[in-house]
Amino acid sequence: MSDSALKNPTDLKSLIETSKDSAFNKRGVLCLSKVPDNILMWSHYASDHKGFVLGFDLEEDLEFFVSTLNVRYDANYPSISYLKHPEKIVDSCVRTKHIGWSYEEEVRIVKPNAGPYNFNKKALSKVIFGCRMSDKDKSLITDLLKKHSYIHTQCYQAKTSTSQYKIEISEI
């Protein structure tokens, strides 16, 4: 650590941010949720219900899914000495999120390197089409599933409830 950083709070903050960025940019993070029918999740992450959700059977690929971390929700930032314990940066920051996001019931998988990873095809157990997904996009996805030997993967359709503010999911 430089003497300049110790004497100047702005330099110290910059050094800490650089350390965090360096730690995160080297790793891959996959974010998942335990709740496929949460209406806010569909609104935030599925292109206003035009997207889709992938469902995984974790037991079909324990090697890929072995390092799942349940996200902790808190009103405060994680307290950690980034310069004394740089190895804790990723775990502390990746596992903590503002309490307002707790409805996500998020699980994260941290991989040692950034970039694409493969999972066992059997692990992809379902695809849920959004309420507003076009028939063209549904057809494209089902064709891709067949073409790439995902015949075991079940397709579902999400729809808005007629009596409540909620999403209902049914098998196609």
# chains A, B, ... in the order shown; residues from 1 in each chain; ligands from 1
call {"tool": "residues_around", "arguments": {"residues": "Ile169 (chain A)", "least_positions_apart": "4", "cutoff": "7 Å", "atoms": "only C-alpha atoms", "output": "list in words"}}
result
Tyr156, Gln157, Ala158 and Lys159 of chain A
call {"tool": "write_last_selection", "arguments": {"atoms": "N, CA, C and O atoms", "output": "tab-separated table (two decimals), in the first residue's frame"}}
result
chain	number	residue	atom	x	y	z
A	156	TYR	N	-42.84	-24.28	-20.23
A	156	TYR	CA	-43.95	-23.75	-19.45
A	156	TYR	C	-44.31	-22.37	-19.99
A	156	TYR	O	-43.49	-21.70	-20.61
A	157	GLN	N	-45.52	-21.95	-19.69
A	157	GLN	CA	-46.00	-20.64	-20.08
A	157	GLN	C	-46.39	-19.85	-18.83
A	157	GLN	O	-47.15	-20.34	-18.00
A	158	ALA	N	-45.86	-18.65	-18.71
A	158	ALA	CA	-46.27	-17.76	-17.63
A	158	ALA	C	-47.44	-16.92	-18.12
A	158	ALA	O	-47.51	-16.57	-19.30
A	159	LYS	N	-48.35	-16.62	-17.23
A	159	LYS	CA	-49.46	-15.73	-17.57
A	159	LYS	C	-49.85	-14.96	-16.32
A	159	LYS	O	-49.58	-15.39	-15.20
call {"tool": "select_by_dssp", "arguments": {"residues": "chain A", "states": "alpha helix (DSSP H)", "output": "count of residues only"}}
result
52
call {"tool": "residues_around", "arguments": {"residues": "Leu58 (chain A)", "least_positions_apart": "3", "cutoff": "10 Å", "atoms": "only C-alpha atoms", "output": "short mmCIF file (atom, residue, chain, number, x, y, z; two decimals) with N, CA and C atoms, in the first residue's frame"}}
result
data_model
loop_
_atom_site.label_atom_id
_atom_site.label_comp_id
_atom_site.auth_asym_id
_atom_site.auth_seq_id
_atom_site.Cartn_x
_atom_site.Cartn_y
_atom_site.Cartn_z
N GLY A 55 -34.87 -22.98 -15.82
CA GLY A 55 -34.92 -23.70 -14.56
C GLY A 55 -33.89 -24.82 -14.57
N ASP A 61 -25.85 -31.63 -12.17
CA ASP A 61 -24.49 -31.18 -12.45
C ASP A 61 -23.90 -30.56 -11.18
N LEU A 62 -23.61 -31.44 -10.23
CA LEU A 62 -23.09 -30.98 -8.94
C LEU A 62 -21.77 -30.24 -9.08
N GLU A 63 -20.96 -30.61 -10.04
CA GLU A 63 -19.67 -29.94 -10.22
C GLU A 63 -19.87 -28.47 -10.59
N PHE A 64 -20.81 -28.19 -11.48
CA PHE A 64 -21.06 -26.81 -11.90
C PHE A 64 -21.73 -26.00 -10.78
N PHE A 65 -22.71 -26.61 -10.11
CA PHE A 65 -23.52 -25.88 -9.14
C PHE A 65 -23.04 -26.03 -7.69
N VAL A 66 -21.87 -26.63 -7.49
CA VAL A 66 -21.40 -26.93 -6.14
C VAL A 66 -21.17 -25.69 -5.28
N THR A 68 -22.78 -22.80 -4.77
CA THR A 68 -23.87 -21.82 -4.68
C THR A 68 -23.80 -21.06 -3.36
N PHE A 119 -22.48 -26.41 -18.68
CA PHE A 119 -23.14 -27.22 -17.66
C PHE A 119 -23.70 -28.46 -18.37
N ASN A 120 -23.94 -29.50 -17.60
CA ASN A 120 -24.51 -30.73 -18.13
C ASN A 120 -25.90 -30.43 -18.69
N LYS A 122 -28.47 -32.17 -18.98
CA LYS A 122 -29.56 -32.69 -18.16
C LYS A 122 -29.96 -31.73 -17.05
N ALA A 123 -29.06 -30.81 -16.70
CA ALA A 123 -29.35 -29.86 -15.63
C ALA A 123 -30.41 -28.83 -16.04
N LEU A 124 -30.53 -28.55 -17.33
CA LEU A 124 -31.56 -27.60 -17.78
C LEU A 124 -32.90 -28.35 -17.81
N SER A 125 -33.71 -28.13 -16.79
CA SER A 125 -34.95 -28.91 -16.64
C SER A 125 -36.18 -28.21 -17.19
#
call {"tool": "atom_distance", "arguments": {"atom1": "CA of Tyr165 (chain A)", "atom2": "CA of Tyr103 (chain A)"}}
result
14.8 Å
call {"tool": "atom_distance", "arguments": {"atom1": "CA of Ser79 (chain A)", "atom2": "CA of Ser92 (chain A)"}}
result
8.3 Å
call {"tool": "atom_distance", "arguments": {"atom1": "CA of Val94 (chain A)", "atom2": "CA of Glu60 (chain A)"}}
result
24.7 Å
call {"tool": "select_by_dssp", "arguments": {"residues": "chain A", "states": "strand (DSSP E)", "output": "number ranges by chain"}}
result
A: 28-33, 52-56, 68-70, 72-74, 96-98, 106-111, 124-129, 154-160, 167-171
call {"tool": "residues_around", "arguments": {"residues": "Val71 (chain A)", "least_positions_apart": "4", "cutoff": "7 Å", "atoms": "only C-alpha atoms", "output": "number ranges by chain"}}
result
A: 95-97, 106-108
call {"tool": "residues_around", "arguments": {"residues": "Cys131 (chain A)", "least_positions_apart": "6", "cutoff": "10 Å", "atoms": "only C-alpha atoms", "output": "number ranges by chain"}}
result
A: 42, 46, 48-52, 157-160, 167-169
call {"tool": "closest_residue", "arguments": {"among": "A:Lys34, A:Lys147, A:Lys136, A:Lys126", "to": "Ser102 (chain A)", "atoms": "only C-alpha atoms"}}
result
A:Lys34
call {"tool": "closest_residue", "arguments": {"among": "A:Pro116, A:Lys111, A:Asp74, A:Glu59", "to": "Cys93 (chain A)", "atoms": "only C-alpha atoms"}}
result
A:Asp74
